[in-house]
file protein_2.cif (mmCIF, N, CA and C atoms)
data_run
loop_
_atom_site.label_atom_id
_atom_site.label_comp_id
_atom_site.auth_asym_id
_atom_site.auth_seq_id
_atom_site.Cartn_x
_atom_site.Cartn_y
_atom_site.Cartn_z
N MET A 1 -21.50 13.04 75.96
CA MET A 1 -20.49 13.98 76.40
C MET A 1 -19.10 13.53 75.95
N THR A 2 -18.75 12.27 76.27
CA THR A 2 -17.42 11.80 75.87
C THR A 2 -17.32 11.64 74.36
N GLU A 3 -18.46 11.42 73.69
CA GLU A 3 -18.43 11.32 72.23
C GLU A 3 -17.99 12.64 71.60
N ASP A 4 -18.48 13.75 72.16
CA ASP A 4 -18.07 15.07 71.66
C ASP A 4 -16.58 15.28 71.85
N PHE A 5 -16.10 14.91 73.03
CA PHE A 5 -14.67 15.07 73.33
C PHE A 5 -13.84 14.21 72.39
N ASP A 6 -14.27 12.97 72.20
CA ASP A 6 -13.56 12.08 71.27
C ASP A 6 -13.56 12.64 69.86
N ARG A 7 -14.68 13.22 69.45
CA ARG A 7 -14.78 13.80 68.11
C ARG A 7 -13.78 14.95 67.95
N PHE A 8 -13.67 15.80 68.96
CA PHE A 8 -12.73 16.91 68.86
C PHE A 8 -11.28 16.43 68.85
N LEU A 9 -10.98 15.42 69.63
CA LEU A 9 -9.63 14.87 69.60
C LEU A 9 -9.32 14.27 68.23
N GLU A 10 -10.29 13.60 67.65
CA GLU A 10 -10.10 13.02 66.32
C GLU A 10 -9.88 14.11 65.28
N GLU A 11 -10.60 15.22 65.38
CA GLU A 11 -10.40 16.34 64.46
C GLU A 11 -8.99 16.91 64.59
N ALA A 12 -8.50 16.99 65.81
CA ALA A 12 -7.14 17.49 66.03
C ALA A 12 -6.12 16.54 65.41
N ARG A 13 -6.33 15.24 65.61
CA ARG A 13 -5.41 14.26 65.01
C ARG A 13 -5.41 14.35 63.49
N ARG A 14 -6.59 14.50 62.90
CA ARG A 14 -6.69 14.62 61.44
C ARG A 14 -5.98 15.88 60.95
N ALA A 15 -6.13 16.97 61.68
CA ALA A 15 -5.47 18.22 61.29
C ALA A 15 -3.96 18.04 61.31
N LEU A 16 -3.45 17.37 62.33
CA LEU A 16 -2.01 17.12 62.40
C LEU A 16 -1.55 16.19 61.29
N ASP A 17 -2.30 15.15 61.03
CA ASP A 17 -1.95 14.22 59.96
C ASP A 17 -1.93 14.91 58.61
N THR A 18 -2.93 15.75 58.37
CA THR A 18 -3.02 16.46 57.10
C THR A 18 -1.83 17.40 56.93
N ALA A 19 -1.45 18.06 57.99
CA ALA A 19 -0.33 19.00 57.91
C ALA A 19 0.99 18.27 57.71
N ASP A 20 1.08 17.09 58.29
CA ASP A 20 2.35 16.38 58.27
C ASP A 20 2.54 15.49 57.06
N ARG A 21 1.45 15.11 56.40
CA ARG A 21 1.56 14.13 55.32
C ARG A 21 0.70 14.56 54.13
N PRO A 22 1.34 15.13 53.11
CA PRO A 22 0.56 15.53 51.93
C PRO A 22 0.09 14.30 51.16
N PRO A 23 -0.95 14.45 50.33
CA PRO A 23 -1.40 13.32 49.51
C PRO A 23 -0.27 12.80 48.62
N ASP A 24 -0.32 11.49 48.31
CA ASP A 24 0.75 10.86 47.54
C ASP A 24 1.04 11.56 46.23
N GLU A 25 0.02 12.04 45.53
CA GLU A 25 0.26 12.65 44.23
C GLU A 25 1.03 13.97 44.34
N GLU A 26 1.09 14.53 45.53
CA GLU A 26 1.79 15.79 45.71
C GLU A 26 3.21 15.59 46.25
N LEU A 27 3.56 14.39 46.62
CA LEU A 27 4.89 14.17 47.17
C LEU A 27 5.95 14.33 46.08
N PRO A 28 6.98 15.11 46.37
CA PRO A 28 8.02 15.33 45.37
C PRO A 28 9.03 14.19 45.34
N GLY A 29 9.55 13.93 44.17
CA GLY A 29 10.66 13.01 44.03
C GLY A 29 11.93 13.84 43.94
N GLY A 30 12.96 13.25 43.37
CA GLY A 30 14.20 13.99 43.19
C GLY A 30 14.86 13.59 41.89
N GLU A 31 15.66 14.51 41.35
CA GLU A 31 16.36 14.25 40.10
C GLU A 31 17.77 14.82 40.21
N GLY A 32 18.72 14.07 39.70
CA GLY A 32 20.10 14.53 39.71
C GLY A 32 20.79 14.15 38.41
N THR A 33 21.76 14.95 38.04
CA THR A 33 22.50 14.68 36.81
C THR A 33 23.99 14.64 37.09
N ALA A 34 24.71 14.05 36.15
CA ALA A 34 26.17 14.00 36.22
C ALA A 34 26.69 13.90 34.80
N ALA A 35 27.99 13.98 34.67
CA ALA A 35 28.65 13.88 33.37
C ALA A 35 28.04 14.87 32.38
N ASP A 36 27.97 16.12 32.83
CA ASP A 36 27.43 17.20 31.98
C ASP A 36 26.02 16.90 31.48
N GLY A 37 25.19 16.31 32.34
CA GLY A 37 23.81 16.03 31.98
C GLY A 37 23.60 14.76 31.18
N ARG A 38 24.67 14.01 30.94
CA ARG A 38 24.52 12.79 30.14
C ARG A 38 24.04 11.60 30.97
N ILE A 39 24.08 11.74 32.30
CA ILE A 39 23.53 10.71 33.19
C ILE A 39 22.47 11.39 34.05
N VAL A 40 21.27 10.81 34.06
CA VAL A 40 20.15 11.38 34.83
C VAL A 40 19.59 10.28 35.74
N ALA A 41 19.54 10.59 37.03
CA ALA A 41 18.96 9.66 38.01
C ALA A 41 17.71 10.30 38.61
N ARG A 42 16.69 9.47 38.82
CA ARG A 42 15.45 9.94 39.46
C ARG A 42 15.14 9.01 40.63
N VAL A 43 14.69 9.62 41.72
CA VAL A 43 14.31 8.85 42.91
C VAL A 43 12.87 9.18 43.29
N SER A 44 12.21 8.20 43.89
CA SER A 44 10.82 8.36 44.33
C SER A 44 10.81 9.10 45.68
N PRO A 45 9.63 9.52 46.14
CA PRO A 45 9.54 10.21 47.43
C PRO A 45 10.06 9.39 48.61
N ASP A 46 10.03 8.06 48.49
CA ASP A 46 10.55 7.24 49.58
C ASP A 46 12.03 6.91 49.43
N GLY A 47 12.70 7.55 48.46
CA GLY A 47 14.15 7.43 48.33
C GLY A 47 14.63 6.28 47.48
N LEU A 48 13.75 5.63 46.74
CA LEU A 48 14.16 4.53 45.88
C LEU A 48 14.53 5.05 44.50
N LEU A 49 15.56 4.50 43.93
CA LEU A 49 15.96 4.86 42.57
C LEU A 49 14.90 4.34 41.61
N THR A 50 14.28 5.24 40.84
CA THR A 50 13.21 4.84 39.92
C THR A 50 13.68 4.78 38.48
N SER A 51 14.69 5.57 38.14
CA SER A 51 15.22 5.48 36.78
C SER A 51 16.64 6.01 36.74
N LEU A 52 17.38 5.44 35.82
CA LEU A 52 18.75 5.86 35.57
C LEU A 52 18.94 5.85 34.06
N GLN A 53 19.14 7.02 33.49
CA GLN A 53 19.30 7.13 32.05
C GLN A 53 20.71 7.62 31.75
N ALA A 54 21.27 7.07 30.69
CA ALA A 54 22.63 7.45 30.31
C ALA A 54 22.71 7.63 28.80
N ASP A 55 23.30 8.71 28.42
CA ASP A 55 23.59 8.96 27.01
C ASP A 55 24.64 7.93 26.58
N PRO A 56 24.50 7.33 25.42
CA PRO A 56 25.47 6.31 24.98
C PRO A 56 26.92 6.81 24.99
N ARG A 57 27.13 8.10 24.89
CA ARG A 57 28.50 8.63 24.88
C ARG A 57 29.24 8.40 26.20
N VAL A 58 28.49 8.17 27.30
CA VAL A 58 29.18 7.95 28.57
C VAL A 58 29.92 6.61 28.58
N MET A 59 29.63 5.75 27.63
CA MET A 59 30.32 4.46 27.55
C MET A 59 31.79 4.65 27.18
N ARG A 60 32.14 5.83 26.73
CA ARG A 60 33.54 6.13 26.41
C ARG A 60 34.36 6.35 27.68
N LEU A 61 33.67 6.61 28.78
CA LEU A 61 34.38 6.79 30.04
C LEU A 61 34.91 5.44 30.52
N GLY A 62 35.93 5.48 31.31
CA GLY A 62 36.41 4.25 31.93
C GLY A 62 35.38 3.76 32.94
N LEU A 63 35.47 2.49 33.29
CA LEU A 63 34.49 1.90 34.21
C LEU A 63 34.46 2.64 35.55
N ARG A 64 35.61 2.93 36.09
CA ARG A 64 35.68 3.62 37.38
C ARG A 64 35.02 4.99 37.29
N GLU A 65 35.33 5.76 36.24
CA GLU A 65 34.76 7.10 36.05
C GLU A 65 33.25 7.01 35.84
N LEU A 66 32.80 6.03 35.07
CA LEU A 66 31.37 5.84 34.84
C LEU A 66 30.64 5.57 36.16
N CYS A 67 31.20 4.67 36.95
CA CYS A 67 30.59 4.36 38.26
C CYS A 67 30.56 5.60 39.15
N ASP A 68 31.65 6.36 39.18
CA ASP A 68 31.69 7.59 39.98
C ASP A 68 30.61 8.57 39.54
N GLN A 69 30.41 8.69 38.23
CA GLN A 69 29.40 9.62 37.72
C GLN A 69 27.98 9.15 38.06
N VAL A 70 27.75 7.84 38.00
CA VAL A 70 26.44 7.31 38.38
C VAL A 70 26.17 7.59 39.86
N VAL A 71 27.17 7.35 40.70
CA VAL A 71 27.03 7.64 42.13
C VAL A 71 26.73 9.12 42.33
N HIS A 72 27.44 9.97 41.59
CA HIS A 72 27.22 11.42 41.70
C HIS A 72 25.78 11.78 41.31
N ALA A 73 25.27 11.21 40.23
CA ALA A 73 23.90 11.50 39.78
C ALA A 73 22.87 11.03 40.81
N VAL A 74 23.07 9.84 41.35
CA VAL A 74 22.12 9.31 42.35
C VAL A 74 22.16 10.16 43.62
N ASN A 75 23.35 10.52 44.07
CA ASN A 75 23.45 11.36 45.26
C ASN A 75 22.83 12.74 45.02
N ALA A 76 22.99 13.27 43.82
CA ALA A 76 22.36 14.55 43.49
C ALA A 76 20.83 14.42 43.51
N ALA A 77 20.32 13.30 43.02
CA ALA A 77 18.87 13.06 43.05
C ALA A 77 18.36 12.96 44.49
N LEU A 78 19.11 12.29 45.34
CA LEU A 78 18.73 12.18 46.75
C LEU A 78 18.79 13.55 47.43
N GLY A 79 19.79 14.35 47.08
CA GLY A 79 19.88 15.71 47.61
C GLY A 79 18.70 16.56 47.16
N ASP A 80 18.31 16.40 45.91
CA ASP A 80 17.15 17.13 45.38
C ASP A 80 15.88 16.69 46.11
N LEU A 81 15.75 15.40 46.34
CA LEU A 81 14.60 14.88 47.08
C LEU A 81 14.55 15.50 48.48
N ARG A 82 15.68 15.51 49.16
CA ARG A 82 15.76 16.07 50.50
C ARG A 82 15.33 17.54 50.50
N SER A 83 15.82 18.30 49.52
CA SER A 83 15.44 19.72 49.41
C SER A 83 13.95 19.87 49.15
N ASN A 84 13.42 19.04 48.26
CA ASN A 84 11.98 19.10 47.96
C ASN A 84 11.13 18.80 49.19
N LEU A 85 11.54 17.78 49.94
CA LEU A 85 10.78 17.42 51.14
C LEU A 85 10.90 18.49 52.21
N ASP A 86 12.10 19.07 52.35
CA ASP A 86 12.27 20.16 53.32
C ASP A 86 11.39 21.35 52.95
N ALA A 87 11.34 21.68 51.66
CA ALA A 87 10.50 22.79 51.21
C ALA A 87 9.03 22.47 51.44
N ARG A 88 8.66 21.23 51.21
CA ARG A 88 7.27 20.81 51.40
C ARG A 88 6.89 20.89 52.87
N HIS A 89 7.81 20.46 53.72
CA HIS A 89 7.55 20.48 55.16
C HIS A 89 7.37 21.92 55.64
N GLY A 90 8.12 22.85 55.06
CA GLY A 90 8.00 24.25 55.43
C GLY A 90 6.71 24.88 54.96
N ALA A 91 5.99 24.22 54.06
CA ALA A 91 4.76 24.78 53.51
C ALA A 91 3.54 24.52 54.39
N VAL A 92 3.73 23.90 55.54
CA VAL A 92 2.62 23.61 56.44
C VAL A 92 2.05 24.92 56.98
N ASP A 93 0.74 25.04 56.97
CA ASP A 93 0.06 26.23 57.48
C ASP A 93 0.01 26.14 59.00
N VAL A 94 1.08 26.58 59.65
CA VAL A 94 1.19 26.48 61.10
C VAL A 94 0.13 27.35 61.78
N THR A 95 -0.13 28.52 61.23
CA THR A 95 -1.13 29.41 61.81
C THR A 95 -2.51 28.77 61.79
N GLY A 96 -2.87 28.21 60.64
CA GLY A 96 -4.17 27.53 60.54
C GLY A 96 -4.27 26.35 61.47
N LEU A 97 -3.19 25.60 61.57
CA LEU A 97 -3.17 24.45 62.47
C LEU A 97 -3.32 24.91 63.92
N ALA A 98 -2.61 25.96 64.29
CA ALA A 98 -2.70 26.48 65.66
C ALA A 98 -4.11 26.96 65.96
N GLU A 99 -4.76 27.61 65.00
CA GLU A 99 -6.13 28.07 65.20
C GLU A 99 -7.08 26.89 65.40
N THR A 100 -6.91 25.86 64.58
CA THR A 100 -7.76 24.67 64.70
C THR A 100 -7.57 24.01 66.06
N LEU A 101 -6.32 23.86 66.46
CA LEU A 101 -6.05 23.23 67.75
C LEU A 101 -6.54 24.11 68.90
N GLY A 102 -6.45 25.43 68.74
CA GLY A 102 -6.97 26.34 69.76
C GLY A 102 -8.47 26.18 69.92
N THR A 103 -9.17 26.05 68.79
CA THR A 103 -10.62 25.85 68.82
C THR A 103 -10.95 24.53 69.50
N VAL A 104 -10.20 23.49 69.16
CA VAL A 104 -10.42 22.18 69.78
C VAL A 104 -10.18 22.27 71.28
N GLN A 105 -9.13 22.98 71.68
CA GLN A 105 -8.82 23.11 73.10
C GLN A 105 -9.93 23.85 73.83
N GLU A 106 -10.40 24.96 73.26
CA GLU A 106 -11.49 25.72 73.89
C GLU A 106 -12.75 24.88 74.03
N GLU A 107 -13.10 24.18 72.97
CA GLU A 107 -14.30 23.35 73.00
C GLU A 107 -14.15 22.21 74.00
N SER A 108 -12.97 21.63 74.07
CA SER A 108 -12.71 20.55 75.03
C SER A 108 -12.85 21.06 76.45
N LEU A 109 -12.32 22.25 76.70
CA LEU A 109 -12.41 22.84 78.03
C LEU A 109 -13.88 23.10 78.40
N ARG A 110 -14.63 23.62 77.44
CA ARG A 110 -16.05 23.88 77.68
C ARG A 110 -16.79 22.58 78.00
N LYS A 111 -16.50 21.54 77.22
CA LYS A 111 -17.16 20.25 77.45
C LYS A 111 -16.77 19.66 78.80
N MET A 112 -15.51 19.81 79.18
CA MET A 112 -15.07 19.29 80.48
C MET A 112 -15.75 20.06 81.61
N ASN A 113 -15.89 21.37 81.46
CA ASN A 113 -16.59 22.16 82.48
C ASN A 113 -18.04 21.72 82.59
N ASP A 114 -18.69 21.48 81.46
CA ASP A 114 -20.07 20.97 81.47
C ASP A 114 -20.13 19.63 82.19
N PHE A 115 -19.16 18.78 81.92
CA PHE A 115 -19.11 17.46 82.53
C PHE A 115 -18.95 17.59 84.05
N VAL A 116 -18.06 18.48 84.49
CA VAL A 116 -17.83 18.68 85.93
C VAL A 116 -19.11 19.20 86.59
N ARG A 117 -19.79 20.14 85.94
CA ARG A 117 -21.05 20.66 86.49
C ARG A 117 -22.09 19.54 86.63
N GLU A 118 -22.17 18.69 85.64
CA GLU A 118 -23.12 17.58 85.71
C GLU A 118 -22.78 16.63 86.85
N ILE A 119 -21.50 16.36 87.04
CA ILE A 119 -21.06 15.49 88.15
C ILE A 119 -21.40 16.14 89.49
N GLU A 120 -21.13 17.45 89.61
CA GLU A 120 -21.45 18.15 90.85
C GLU A 120 -22.95 18.11 91.13
N GLU A 121 -23.76 18.31 90.09
CA GLU A 121 -25.21 18.26 90.25
C GLU A 121 -25.66 16.87 90.69
N LEU A 122 -25.08 15.86 90.09
CA LEU A 122 -25.40 14.49 90.47
C LEU A 122 -25.00 14.22 91.92
N ALA A 123 -23.85 14.73 92.34
CA ALA A 123 -23.39 14.55 93.72
C ALA A 123 -24.36 15.24 94.69
N ARG A 124 -24.85 16.44 94.35
CA ARG A 124 -25.81 17.14 95.21
C ARG A 124 -27.11 16.34 95.33
N ARG A 125 -27.55 15.75 94.24
CA ARG A 125 -28.78 14.94 94.28
C ARG A 125 -28.61 13.73 95.18
N ILE A 126 -27.46 13.10 95.06
CA ILE A 126 -27.19 11.91 95.89
C ILE A 126 -27.14 12.30 97.36
N GLU A 127 -26.49 13.42 97.68
CA GLU A 127 -26.41 13.89 99.07
C GLU A 127 -27.80 14.24 99.59
N GLY A 128 -28.65 14.80 98.74
CA GLY A 128 -30.01 15.18 99.15
C GLY A 128 -30.86 13.98 99.49
N ARG A 129 -30.59 12.84 98.90
CA ARG A 129 -31.36 11.61 99.16
C ARG A 129 -30.92 10.96 100.47
N GLY A 130 -29.66 11.18 100.83
CA GLY A 130 -29.10 10.47 101.97
C GLY A 130 -29.38 11.10 103.23
#
call {"tool": "encode", "arguments": {"input": "protein_2.cif", "output": "structure tokens"}}
result
Amino acid sequence: MTEDFDRFLEEARRALDTADRPPDEELPGGEGTAADGRIVARVSPDGLLTSLQADPRVMRLGLRELCDQVVHAVNAALGDLRSNLDARHGAVDVTGLAETLGTVQEESLRKMNDFVREIEELARRIEGRG
């Protein structure tokens, strides 16, 4: 009896995990550019800078301007990542999840009612012996 209940709870947990965490290969990263596309920054899904590419022409910029443009590209990549993750989070099938959880709830209720009936029957048997 409790094994069935545990199984349904585990199914609910898996459904929530699946909805909340897409497989690694589907996680979006982010990309940002600066200096008219001459600097490109890419970040991983966990927000780490994975690449920074610069057209050699950006070396003509002063050091301060170059640093500002790199910061701009990295921040744009992080903004892109945030947008991608927000869009991904919005793609969760809430209706399907609600249906699954509703089924789990109904089945759990049915199992609990069965359990209560069995306890009541056991109590009647014990009273009958006494």
call {"tool": "atom_distance", "arguments": {"input": "protein_2.cif", "atom1": "atom CA of A:Glu11", "atom2": "atom CA of A:Ala98"}}
result
12.8 Å
call {"tool": "resolve_selection", "arguments": {"input": "protein_2.cif", "expression": "the PyMOL selection byres (((chain A and resi 74-79 and name CA) around 9) and name CA)", "output": "list in words"}}
result
Gly29, Gly30, Glu31, Gly32, Thr33, Ala34, Val40, Ala41, Arg42, Val43, Gly47, Leu48, Leu49, Leu52, Gln69, Val70, Val71, His72, Ala73, Asp80, Leu81, Arg82, Ser83 and Asn84 of chain A
call {"tool": "atom_distance", "arguments": {"input": "protein_2.cif", "atom1": "atom C of A:Arg13", "atom2": "atom C of A:Phe115"}}
result
24.8 Å
call {"tool": "select_by_dssp", "arguments": {"input": "protein_2.cif", "residues": "stretch 4-126 of chain A", "states": "helix (DSSP H, G or I)", "output": "VMD selection string"}}
result
chain A and resid 4 to 20 24 to 26 56 to 60 63 to 90 94 to 126
call {"tool": "atom_distance", "arguments": {"input": "protein_2.cif", "atom1": "atom C of A:Glu127", "atom2": "atom C of A:Ser108"}}
result
28.4 Å
call {"tool": "axis_aligned_box", "arguments": {"input": "protein_2.cif", "around": "stretch 116-123 of chain A", "padding_each_side": "6 Å", "output": "JSON"}}
result
{"center_x": -21.7, "center_y": 17.4, "center_z": 89.6, "size_x": 19.8, "size_y": 18.4, "size_z": 22.2}
